[in-house]
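Note sheet for the following structure.
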There are 2 protein chains.
Amino acid sequence: MQPAVGYIGLGVMGGACAGNLLKAGYSLHVYARRPEQMQGLVAAGAVAHASPAELARHCSVIFTNVSDAPDVEQVVLGENGVVHGAKKSSVVVDMSTILPSAARNIAAELAGNGVEFLDAPVSGGSQGAIDGTLSIMVGGKQKVFERLLPVLQVMGKNIVHVGDSGAGQVAKACNQIVVSQTLGAIAEAYTLAAAAGVDPAKVRQALLGGFVASKMLEVHGQRMLTHNFTPGFKAKLHNKDMDIVQRFAEELGIDLPGTDLVAGYIKEVVEAGLGEEDSSALSTLFEKKWGKSF
Amino acid sequence: MQPAVGYIGLGVMGGACAGNLLKAGYSLHVYARRPEQMQGLVAAGAVAHASPAELARHCSVIFTNVSDAPDVEQVVLGENGVVHGAKKSSVVVDMSTILPSAARNIAAELAGNGVEFLDAPVSGGSQGAIDGTLSIMVGGKQKVFERLLPVLQVMGKNIVHVGDSGAGQVAKACNQIVVSQTLGAIAEAYTLAAAAGVDPAKVRQALLGGFVASKMLEVHGQRMLTHNFTPGFKAKLHNKDMDIVQRFAEELGIDLPGTDLVAGYIKEVVEAGLGEEDSSALSTLFEKKWGKSF
């Protein structure tokens, strides 16, 4: 029998990951601030708890997948948080995307209570979560990573131990730097093509056979052409992630001008009321600005 | 027997393409402004000519692969240029990367003389030229494209007819927009990682398994880590291409801020005396600026 595993935060991503743990035979304990999010999993055999602390009493591994650093801090360190119920040597694995320095602080707080911590943000979207094919970027102790690897493999495929605490969040920030600028670059390329009277779809086809071929150009390049912005990755969440990248860069005292440029576009998308759309909708800003339709 | 084919401009790219035509059994005629560049091909069976016009008298298809628009104009339309020897209905195929509007002008000039024209810039570098696996982006008449396809297939693998005259050059400009900004994004990601004390190599590994996986991250991401800037694609040529993109955007009356940002980096690389290095050397600007080594 598999060990008892807890999952806190059962949104689109967390709910899918928790479901995969249950299917893989783990004894699953769940907590969500909105109790209705637990119903489906409880019906499938999970045990619901009234607080993170109570959940923690029953589990040796506790996953958290909530929105931002304050939410993680609340469910892990706050009143009735995980730390108040966790057994010594149990492990908290946070799959949320948060500020790397916040992850390091949470790790230090937990260490003071004899509890291990891994930051393990993911990439791959809701489909990756459902399929159990997420890319998982992990920060924390090598030994703890190795111990947790079999459980992580239930949820993801490409699982990399990037370094010490916070390193998983740093890798996720790097991921968002490349994702966002690739979106911006494709939008600029389509703008040039459309302005020149050339079919952006043909340009995409030509580029897909060459050195710049990528999943980004394939999937998001196609979204921009068909104006299919059903998420995918909601602009409001991408905006939150870009805010993390920019705040972290500021903490480190570095400038990332390309990141700042595209973060501005994503913010503009959200402010235009398109926060629920896929973030590749930033291409519509270019279409509007230059009066060119892709 | 294959038709007689001419090749003008026998640099790294042109020389390799011409060699593949010869190997494929085409009767090859060559011209280069520096006669020593013809020696190897002549030894292998090609016929050397004293001028583009003279070469054109013997060929139904004439490739040009020179540096920039003025060079193409000179060998095609100038004194002793192709147009002065070309038979009616022969086809000039320009594989150089030049301003799309310049390609359109050359096409119009040739059409006035009963000569067809395709713009067919490539991507894939010197190795792609040697292997005959270039990506070829073609602009011009559909019928002429179809007629030329078997010859193009000797030199490339992904060959796309993008649209009318100039459309091949537009696609190439779009390609350089995405290439350059992807380089910039990877450099920013590595900067953030290094500043945070996280190994950029581990970050690359994590990202390679996810949605942003690309040949760019694989090859150029690795170049930046090992500081191996043996071209590849020389920064001075990338700089020339970015200049074309920016001039073309200006002609069209559009701004491409992300492109402008990275074009500035590539110019800086050239001005720092690194023009002969691969353009991914722009990462060294970030290392120097922030005192962080990747």
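Identifiers for the structure tokens are assigned positionally: chains receive A, B, ... in sequence, residues are indexed from 1 per chain, and ligands are indexed from 1 in the order shown.
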
Hey, which bits of range 219-252 of chain A sit within 10 Å of range 180-196 of chain A, and for each residue what's the closest pair of atoms and how far apart in Å (one decimal), counting only C-alpha atoms, rows by chain and increasing number, as a Markdown table?
```
| residue | atom | partner | partner_atom | distance |
| --- | --- | --- | --- | --- |
| A:His220 | CA | A:Leu183 | CA | 7.4 |
| A:Gly221 | CA | A:Ile186 | CA | 6.7 |
| A:Met224 | CA | A:Ala187 | CA | 7.9 |
| A:Leu225 | CA | A:Tyr190 | CA | 8.9 |
| A:His238 | CA | A:Ser180 | CA | 8.5 |
| A:Asn239 | CA | A:Ser180 | CA | 10.0 |
| A:Met242 | CA | A:Ser180 | CA | 8.5 |
```

Please, which residues of range 20-146 of chain A, numbered as in this document, come out strand (DSSP E or B) from DSSP, as a compact mmCIF listing (two decimals) with C-alpha atoms, in the first residue's frame?
```txt
# COMPACT_ATOMS: atom_id res chain seq x y z
CA SER A 27 -4.39 6.99 0.28
CA LEU A 28 -5.44 10.61 -0.38
CA HIS A 29 -6.35 13.29 2.15
CA VAL A 30 -7.67 16.60 0.89
CA TYR A 31 -8.38 20.13 2.03
CA VAL A 47 -10.69 11.76 2.96
CA ALA A 48 -11.72 15.40 3.50
CA VAL A 61 3.72 14.05 2.30
CA ILE A 62 1.58 17.17 1.87
CA PHE A 63 1.16 18.94 -1.45
CA THR A 64 0.00 22.54 -1.70
CA VAL A 91 7.53 16.80 3.60
CA VAL A 92 5.57 19.77 2.28
CA VAL A 93 5.74 20.07 -1.52
CA ASP A 94 4.46 23.38 -2.88
CA GLU A 116 11.06 19.24 5.04
CA PHE A 117 10.06 21.43 2.09
CA LEU A 118 10.34 21.23 -1.68
CA ASP A 119 9.29 24.00 -4.07
CA VAL A 122 4.99 23.09 -12.81
CA SER A 123 4.61 23.85 -16.49
CA LEU A 134 3.57 18.07 -16.19
CA SER A 135 7.10 19.41 -16.25
CA ILE A 136 8.09 19.80 -12.57
CA MET A 137 10.95 22.08 -11.49
CA VAL A 138 12.13 21.20 -8.02
CA GLY A 139 14.13 23.08 -5.40
```

Practice item. Would you kindly return, as a PyMOL selection string, each protein, DNA or RNA residue with an atom no farther than 8 Å from any atom of range 41-44 of chain A, considering only C-alpha atoms and excluding same-chain residues fewer than 6 positions away? Key: chain A and resi 18-19+22

Practice item. Mind the document's chain letters and residue numbers, and return as a PyMOL selection string the residues of range 17-152 of chain A that DSSP labels alpha helix (DSSP H). Key: chain A and resi 17-23+39-43+52-57+69-77+100-111+125-131+142-152

With C-alpha atoms retained, export the selected residues as an mmCIF file, in the first residue's frame.
```cif
data_model
loop_
_atom_site.group_PDB
_atom_site.id
_atom_site.type_symbol
_atom_site.label_atom_id
_atom_site.label_comp_id
_atom_site.auth_asym_id
_atom_site.auth_seq_id
_atom_site.Cartn_x
_atom_site.Cartn_y
_atom_site.Cartn_z
ATOM 1 C CA CYS A 17 -2.936 16.211 -9.700
ATOM 2 C CA ALA A 18 -4.817 14.932 -6.623
ATOM 3 C CA GLY A 19 -7.022 12.795 -8.871
ATOM 4 C CA ASN A 20 -3.952 11.178 -10.400
ATOM 5 C CA LEU A 21 -2.565 10.384 -6.928
ATOM 6 C CA LEU A 22 -5.830 8.688 -6.047
ATOM 7 C CA LYS A 23 -5.818 6.681 -9.313
ATOM 8 C CA GLN A 39 -16.689 16.565 -3.329
ATOM 9 C CA GLY A 40 -15.574 14.744 -6.479
ATOM 10 C CA LEU A 41 -12.398 13.433 -4.870
ATOM 11 C CA VAL A 42 -14.207 12.370 -1.692
ATOM 12 C CA ALA A 43 -16.731 10.471 -3.820
ATOM 13 C CA PRO A 52 -4.563 21.885 6.808
ATOM 14 C CA ALA A 53 -3.326 21.078 10.350
ATOM 15 C CA GLU A 54 -5.799 18.219 10.689
ATOM 16 C CA LEU A 55 -4.894 16.887 7.227
ATOM 17 C CA ALA A 56 -1.190 17.046 8.123
ATOM 18 C CA ARG A 57 -1.692 14.751 11.123
ATOM 19 C CA ALA A 69 2.859 33.288 -1.665
ATOM 20 C CA PRO A 70 0.394 34.665 0.934
ATOM 21 C CA ASP A 71 -1.919 31.705 0.241
ATOM 22 C CA VAL A 72 0.904 29.186 0.646
ATOM 23 C CA GLU A 73 2.039 30.921 3.836
ATOM 24 C CA GLN A 74 -1.517 30.792 5.175
ATOM 25 C CA VAL A 75 -2.153 27.084 4.559
ATOM 26 C CA VAL A 76 1.356 26.051 5.615
ATOM 27 C CA LEU A 77 2.328 28.446 8.415
ATOM 28 C CA PRO A 100 11.589 32.241 -4.997
ATOM 29 C CA SER A 101 12.555 34.200 -1.891
ATOM 30 C CA ALA A 102 9.137 33.436 -0.351
ATOM 31 C CA ALA A 103 9.719 29.721 -1.011
ATOM 32 C CA ARG A 104 13.101 29.966 0.725
ATOM 33 C CA ASN A 105 11.477 31.624 3.749
ATOM 34 C CA ILE A 106 8.785 28.960 4.010
ATOM 35 C CA ALA A 107 11.471 26.246 3.753
ATOM 36 C CA ALA A 108 13.416 27.876 6.608
ATOM 37 C CA GLU A 109 10.321 28.211 8.817
ATOM 38 C CA LEU A 110 9.403 24.555 8.274
ATOM 39 C CA ALA A 111 12.992 23.389 8.852
ATOM 40 C CA GLY A 125 -1.066 23.543 -18.223
ATOM 41 C CA SER A 126 -4.336 21.928 -17.247
ATOM 42 C CA GLN A 127 -4.025 19.265 -19.941
ATOM 43 C CA GLY A 128 -0.595 18.285 -18.616
ATOM 44 C CA ALA A 129 -2.045 18.067 -15.104
ATOM 45 C CA ILE A 130 -4.911 15.839 -16.286
ATOM 46 C CA ASP A 131 -2.586 13.617 -18.330
ATOM 47 C CA GLN A 142 18.679 16.190 -3.028
ATOM 48 C CA LYS A 143 17.762 13.415 -0.560
ATOM 49 C CA VAL A 144 14.231 14.704 -0.073
ATOM 50 C CA PHE A 145 13.859 15.045 -3.848
ATOM 51 C CA GLU A 146 14.887 11.419 -4.344
ATOM 52 C CA ARG A 147 12.482 10.259 -1.657
ATOM 53 C CA LEU A 148 9.612 12.159 -3.281
ATOM 54 C CA LEU A 149 10.405 11.308 -6.904
ATOM 55 C CA PRO A 150 8.020 8.316 -7.188
ATOM 56 C CA VAL A 151 5.094 10.467 -6.013
ATOM 57 C CA LEU A 152 6.064 13.311 -8.352
#
```

**Study point:** Who sits within 9 Å of Gln246 in chain B, only C-alpha atoms, same chain under 3 positions skipped, as a PyMOL selection string
**Key:** chain B and resi 241-243+249-251+255-256+259-260+263

Check your understanding: If we count only C-alpha atoms, what is near Ser89 in chain A at a cut-off of 9 Å, once residues fewer than 2 positions away on the same chain are taken out, given as a VMD selection string?
Key -> chain A and resid 60 86 to 87 91 114 to 116

Just the selected residues (N, CA, C and O atoms), exported as a PDB file, in the first residue's frame, please.
```pdb
ATOM      1  N   SER A  60       2.352  11.831   5.484  1.00  0.00           N
ATOM      2  CA  SER A  60       3.801  12.036   5.542  1.00  0.00           C
ATOM      3  C   SER A  60       4.265  12.972   4.427  1.00  0.00           C
ATOM      4  O   SER A  60       5.365  13.520   4.474  1.00  0.00           O
ATOM      5  N   ALA A  86       1.846  18.820  11.342  1.00  0.00           N
ATOM      6  CA  ALA A  86       2.799  17.965  10.622  1.00  0.00           C
ATOM      7  C   ALA A  86       3.693  17.164  11.554  1.00  0.00           C
ATOM      8  O   ALA A  86       4.190  17.685  12.557  1.00  0.00           O
ATOM      9  N   LYS A  87       3.884  15.879  11.217  1.00  0.00           N
ATOM     10  CA  LYS A  87       4.819  15.032  11.953  1.00  0.00           C
ATOM     11  C   LYS A  87       6.242  15.424  11.581  1.00  0.00           C
ATOM     12  O   LYS A  87       6.489  15.940  10.490  1.00  0.00           O
ATOM     13  N   VAL A  91       7.069  15.896   4.662  1.00  0.00           N
ATOM     14  CA  VAL A  91       7.531  16.804   3.601  1.00  0.00           C
ATOM     15  C   VAL A  91       6.361  17.594   3.044  1.00  0.00           C
ATOM     16  O   VAL A  91       5.320  17.019   2.687  1.00  0.00           O
ATOM     17  N   GLY A 114      11.269  21.007  12.021  1.00  0.00           N
ATOM     18  CA  GLY A 114      11.599  19.624  11.690  1.00  0.00           C
ATOM     19  C   GLY A 114      10.825  19.072  10.504  1.00  0.00           C
ATOM     20  O   GLY A 114      10.730  17.869  10.302  1.00  0.00           O
ATOM     21  N   VAL A 115      10.265  19.990   9.687  1.00  0.00           N
ATOM     22  CA  VAL A 115       9.499  19.565   8.514  1.00  0.00           C
ATOM     23  C   VAL A 115      10.279  19.936   7.246  1.00  0.00           C
ATOM     24  O   VAL A 115      10.831  21.024   7.149  1.00  0.00           O
ATOM     25  N   GLU A 116      10.347  18.991   6.289  1.00  0.00           N
ATOM     26  CA  GLU A 116      11.065  19.242   5.038  1.00  0.00           C
ATOM     27  C   GLU A 116      10.185  20.012   4.052  1.00  0.00           C
ATOM     28  O   GLU A 116       8.951  19.995   4.178  1.00  0.00           O
TER      29      GLU A 116
END
```

Practice item. Could you please select, counting only C-alpha atoms, the residues of chain A within 6 Å of chain B and state them as a PyMOL selection string? Key: chain A and resi 135+158+160+162+171+174+178+185+189+202-203+206+209-210+214

Practice item. With a distance cut-off of 7 Å and only C-alpha atoms, select the neighbouring residues of Leu10 in chain B, excluding the residue or stretch itself and same-chain residues fewer than 2 positions from it, and output the selection as a ChimeraX atom specification. Key: /B:8,12,14-15,32,37

Could you save those same residues with C-alpha atoms as a short mmCIF file (atom, residue, chain, number, x, y, z; two decimals), in the first residue's frame?
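Contents of out26.cif, freshly written:
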```
data_model
loop_
_atom_site.label_atom_id
_atom_site.label_comp_id
_atom_site.auth_asym_id
_atom_site.auth_seq_id
_atom_site.Cartn_x
_atom_site.Cartn_y
_atom_site.Cartn_z
CA ILE B 8 26.58 33.14 -58.58
CA VAL B 12 30.13 29.36 -47.33
CA GLY B 14 26.50 29.40 -51.92
CA GLY B 15 29.52 27.15 -52.33
CA ALA B 32 32.18 34.47 -58.24
CA GLN B 37 36.15 30.59 -54.91
#
```

Point to revise | Residues near Asp278 in chain B, cut-off 8 Å, only C-alpha atoms, skip fewer than 5 positions along chain, as a list in words | key: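 Here the answer would be Phe229, Thr230, Pro231, Gly232, Phe233, Lys234 and Ala235 of chain B.
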
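Candidate residues A:Met38, A:Ala4, A:Leu285, A:Val83 were compared for distance to Val269 in chain A, and the nearest is A:Leu285, using only C-alpha atoms.
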
Check your understanding: Mind pulling up the distance from CA of Asn65 in chain B to CA of Glu271 in chain B?
Key -> 25.6 Å
